[in-house]
Each structure stands twice: as structure tokens, then as C-alpha cells.
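Colleague: Please find coords_14.tsv (TSV, C-alpha atoms) on the next line:
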```tsv
chain	number	residue	atom	x	y	z
U	2	MET	CA	94.66	6.58	-146.70
U	3	ALA	CA	92.97	3.90	-148.88
U	4	GLU	CA	89.21	3.60	-148.76
U	5	GLN	CA	88.06	0.35	-147.12
U	6	THR	CA	85.88	-1.83	-149.37
U	7	GLN	CA	82.62	-3.08	-147.86
U	8	ILE	CA	82.35	-6.86	-148.31
U	9	PRO	CA	78.70	-7.89	-148.79
U	10	VAL	CA	77.43	-10.94	-146.90
U	11	ILE	CA	76.34	-13.96	-148.95
U	12	PRO	CA	73.00	-15.25	-147.58
U	13	ASP	CA	73.00	-18.81	-146.22
U	14	GLU	CA	70.32	-19.80	-148.72
U	15	TYR	CA	72.72	-18.98	-151.56
U	16	PHE	CA	75.14	-21.63	-150.30
U	17	VAL	CA	72.32	-24.18	-150.19
U	18	ALA	CA	71.19	-23.11	-153.67
U	19	ALA	CA	74.79	-23.26	-154.97
U	20	LEU	CA	75.07	-26.83	-153.70
U	21	ARG	CA	71.85	-27.79	-155.47
U	22	LEU	CA	72.71	-25.93	-158.69
U	23	ILE	CA	76.25	-27.33	-158.92
U	24	GLY	CA	74.90	-30.84	-158.31
U	25	MET	CA	72.25	-30.45	-161.02
U	26	ALA	CA	74.77	-28.93	-163.46
U	27	SER	CA	77.23	-31.77	-162.77
U	28	LEU	CA	74.58	-34.35	-163.64
U	29	GLU	CA	73.94	-32.43	-166.87
U	30	GLY	CA	77.65	-32.57	-167.75
U	31	ALA	CA	78.22	-28.84	-167.35
U	32	TYR	CA	81.88	-29.14	-166.41
U	33	HIS	CA	84.90	-30.26	-168.39
U	34	ALA	CA	87.16	-32.85	-166.77
U	35	SER	CA	89.73	-30.21	-165.81
U	36	GLU	CA	87.05	-28.15	-164.02
U	37	PHE	CA	85.22	-31.08	-162.48
U	38	ARG	CA	87.90	-31.85	-159.88
U	39	LYS	CA	87.72	-28.33	-158.37
U	40	VAL	CA	83.95	-28.10	-158.68
U	41	GLY	CA	83.49	-31.57	-157.19
U	42	ALA	CA	85.73	-30.75	-154.23
U	43	VAL	CA	83.73	-27.59	-153.50
U	44	TYR	CA	80.45	-29.50	-153.89
U	45	ASP	CA	81.66	-32.10	-151.35
U	46	LEU	CA	82.76	-29.37	-148.93
U	47	LEU	CA	79.43	-27.52	-149.25
U	48	ASN	CA	77.59	-30.79	-148.64
U	49	GLU	CA	79.70	-31.50	-145.54
U	50	LEU	CA	79.11	-27.97	-144.24
U	51	LEU	CA	75.37	-28.35	-144.77
U	52	GLU	CA	75.40	-31.59	-142.76
U	53	VAL	CA	77.36	-29.93	-139.92
U	54	TYR	CA	74.98	-26.95	-139.98
U	55	GLY	CA	71.98	-29.29	-139.83
U	56	GLN	CA	73.45	-31.20	-136.89
U	57	GLU	CA	74.27	-28.01	-134.99
U	58	ASN	CA	70.73	-26.69	-135.47
U	59	SER	CA	69.12	-29.98	-134.43
U	60	ASP	CA	71.22	-30.37	-131.27
U	61	SER	CA	69.72	-29.24	-127.98
U	62	ALA	CA	70.89	-25.80	-126.87
U	63	LEU	CA	71.89	-27.39	-123.55
U	64	SER	CA	74.19	-30.01	-125.08
U	65	LYS	CA	77.89	-29.33	-124.81
U	66	LYS	CA	80.42	-29.94	-127.57
U	67	GLU	CA	82.86	-32.75	-126.88
U	68	ALA	CA	86.43	-31.57	-126.29
U	69	GLY	CA	87.66	-33.99	-128.97
U	70	ASP	CA	85.21	-32.83	-131.66
U	71	ALA	CA	86.89	-32.22	-134.99
U	72	GLU	CA	87.00	-28.67	-136.31
U	73	PRO	CA	84.17	-28.18	-138.84
U	74	PRO	CA	85.22	-27.78	-142.48
U	75	ARG	CA	85.74	-24.20	-143.64
U	76	LEU	CA	85.25	-22.48	-146.96
U	77	THR	CA	88.19	-20.41	-148.15
U	78	ILE	CA	88.12	-17.42	-150.50
U	79	ASP	CA	89.29	-19.79	-153.26
U	80	HIS	CA	86.19	-21.93	-152.67
U	81	LEU	CA	83.96	-18.86	-153.02
U	82	PHE	CA	85.61	-18.00	-156.34
U	83	ILE	CA	85.14	-21.59	-157.56
U	84	ILE	CA	81.43	-21.48	-156.65
U	85	GLU	CA	80.99	-18.23	-158.59
U	86	VAL	CA	82.76	-19.63	-161.66
U	87	ALA	CA	81.01	-23.04	-161.45
U	88	VAL	CA	77.55	-21.46	-161.47
U	89	ALA	CA	78.60	-19.04	-164.24
U	90	PHE	CA	79.96	-21.91	-166.39
U	91	ALA	CA	76.75	-23.91	-165.95
U	92	LEU	CA	74.68	-20.88	-166.96
U	93	GLU	CA	76.84	-20.10	-169.99
U	94	ARG	CA	76.66	-23.72	-171.12
U	95	GLY	CA	72.86	-23.77	-170.84
U	96	LYS	CA	72.80	-26.45	-168.14
U	97	LEU	CA	70.59	-24.55	-165.66
U	98	GLU	CA	67.81	-23.30	-167.92
U	99	GLU	CA	65.02	-24.54	-165.63
U	100	GLN	CA	66.70	-22.86	-162.64
U	101	LYS	CA	68.02	-19.85	-164.55
U	102	GLU	CA	66.53	-17.13	-162.33
U	103	LEU	CA	67.85	-18.74	-159.13
U	104	ALA	CA	71.23	-19.49	-160.73
U	105	GLU	CA	71.64	-15.90	-161.91
U	106	ALA	CA	70.79	-14.58	-158.43
U	107	VAL	CA	73.28	-16.98	-156.79
U	108	ARG	CA	76.02	-16.16	-159.33
U	109	SER	CA	75.37	-12.44	-158.85
U	110	GLY	CA	75.52	-12.76	-155.04
U	111	PHE	CA	78.83	-14.61	-155.10
U	112	LYS	CA	80.24	-12.28	-157.80
U	113	GLU	CA	79.35	-9.15	-155.81
U	114	HIS	CA	81.03	-10.62	-152.72
U	115	ASN	CA	84.09	-11.84	-154.63
U	116	ASP	CA	84.46	-8.58	-156.58
U	117	ALA	CA	84.62	-6.72	-153.26
U	118	ILE	CA	87.35	-9.11	-152.07
U	119	ARG	CA	89.26	-8.61	-155.35
U	120	LYS	CA	88.97	-4.83	-155.01
U	121	GLN	CA	90.10	-4.93	-151.38
U	122	SER	CA	93.06	-7.10	-152.39
U	123	GLU	CA	94.03	-4.65	-155.14
U	124	GLN	CA	93.81	-1.75	-152.67
U	125	SER	CA	95.99	-3.63	-150.18
U	126	SER	CA	98.66	-4.41	-152.74
U	127	GLU	CA	98.64	-0.79	-154.02
U	128	ALA	CA	99.01	0.46	-150.44
U	129	ALA	CA	101.90	-1.94	-149.84
U	130	VAL	CA	103.70	-0.68	-152.97
U	131	SER	CA	103.28	2.99	-152.03
```
Could you write out this structure as C-alpha cells?

Modeller:
Amino acid sequence: MAEQTQIPVIPDEYFVAALRLIGMASLEGAYHASEFRKVGAVYDLLNELLEVYGQENSDSALSKKEAGDAEPPRLTIDHLFIIEVAVAFALERGKLEEQKELAEAVRSGFKEHNDAIRKQSEQSSEAAVS
């Protein structure tokens, strides 16, 4: 039986930091045109999620959600990989020097999480082949 990989949790503050870091790196021209579309889409999604999170936390605990409320946006595994790569690119290209310590911590947190997902995926595909 294959060993189950433990997926570490990414702290909420890392998502907020990733939003800030990607925004700063974008202003510094960290991304090539081909990368910018993906990075920009993830930045917009993170920003939207942050707004939803802020609204949910500011609402009274007694207020009920409307039945017609739209489903909040969701991050996919692909988005998490893009965040990891976007922060790594900005670091490699020297665009986050003033925030280097934070950027390295955020990149490391997403990488650890994503590596566990990659490993779990490999184990699943090996188990399926056997």
C-alpha cells in the first residue's frame, strides 16, 4: 500500500503576502509578457478572494447569506503552482530585494505545499499503473 503524503497547510498570511509581492514585482517588470497573463489572472483572483474574506469577516455573525449569493472564487492547484513560480521568478530576477526575506518564506511555503501535491500525484499514478 502506498504511503500517504502529508500536505502542509499554507498560512493565510502567505496568500496576503503573495498578493503584495506579486503586485510589487509586476510594477517592477518582473514578468515577461508570456508569464504576465497567468500571473495577472492569479493576482486578480487573490485580490478578489481577499475582498470576499474581508467582507465575510466584517459581516455580523447573525447575518444570513442570501440564497442568490454567487459562489466565492476558488483557487485551484494550478493557481498555487503559478503563485510559487511567480514569486520564484521575481526573486531570481532581483525584483524583490527589499522584501527578499518575506518573499523567500512565501516561496518556500508554497513550494513545500506544492511539492507534497506533486509527490502525492506521482504516488497516485504509480499506484494506478501497478

Colleague: In Å, how far is it from CA of Gly95 (chain U) to CA of Val10 (chain U)?

Modeller: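 Separation between CA of Gly95 (chain U) and CA of Val10 (chain U): 27.5 Å.
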
Colleague: Expressed in Å to a single decimal, how great is the separation between CA of Asp13 (chain U) and CA of Glu123 (chain U)?

Modeller: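 According to the coordinates, CA of Asp13 (chain U) and CA of Glu123 (chain U) are separated by 26.9 Å.
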
Colleague: Separation of CA of Asn115 (chain U) and CA of Ala87 (chain U), in Å?

Modeller: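 Straight-line distance from CA of Asn115 (chain U) to CA of Ala87 (chain U) works out to 13.5 Å.
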
Colleague: Using only C-alpha atoms, can you tell me which of U:Leu28, U:Val53, U:Ile118, U:Leu46 comes closest to Ile84 (chain U)?

Modeller: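 With only C-alpha atoms as the atom set, the closest residue is U:Leu46.
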
Colleague: Could you work out an axis-aligned bounding box for all listed atoms of region 73-77 of chain U, with 6 Å added on each of the six sides, and give its centre and edge lengths in Å to one decimal, as AutoDock Vina command-line options?

Modeller:
```
--center_x 86.2 --center_y -24.3 --center_z -143.5 --size_x 16.0 --size_y 19.8 --size_z 21.3
```

Colleague: Can you list, as a PyMOL selection string, every protein, DNA or RNA residue that comes within 9 Å of Val107 (chain U) when you count all atoms listed in the file, leaving out same-chain residues fewer than 5 positions away?

Modeller: chain U and resi 11+15-16+18-19+85+88+102+112

Colleague: Of the candidates U:Leu50, U:Ala31, U:Ala42, U:Ala117, which one gets nearest to Arg75 (chain U) if we count only C-alpha atoms?

Modeller: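 Ranking U:Leu50, U:Ala31, U:Ala42, U:Ala117 by distance to Arg75 (chain U), first place goes to U:Leu50.
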
Colleague: Using all atoms listed in the file, which residue out of U:Gln7, U:Phe82, U:Ser59, U:Ser122 lies closest to Ser109 (chain U)?

Modeller: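 With all atoms listed in the file as the atom set, the closest residue is U:Phe82.
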
Colleague: Tell me which of U:Ala91, U:Ala128, U:Ile23, U:Ile78 sits closest to His114 (chain U), counting only C-alpha atoms.

Modeller: U:Ile78

Colleague: Between U:Asn48, U:Phe90, U:Ala106, U:Arg119, which residue has the minimum interatomic distance to Gly30 (chain U), considering all atoms listed in the file?

Modeller: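 Checking each candidate against Gly30 (chain U), we get U:Phe90 as the closest.
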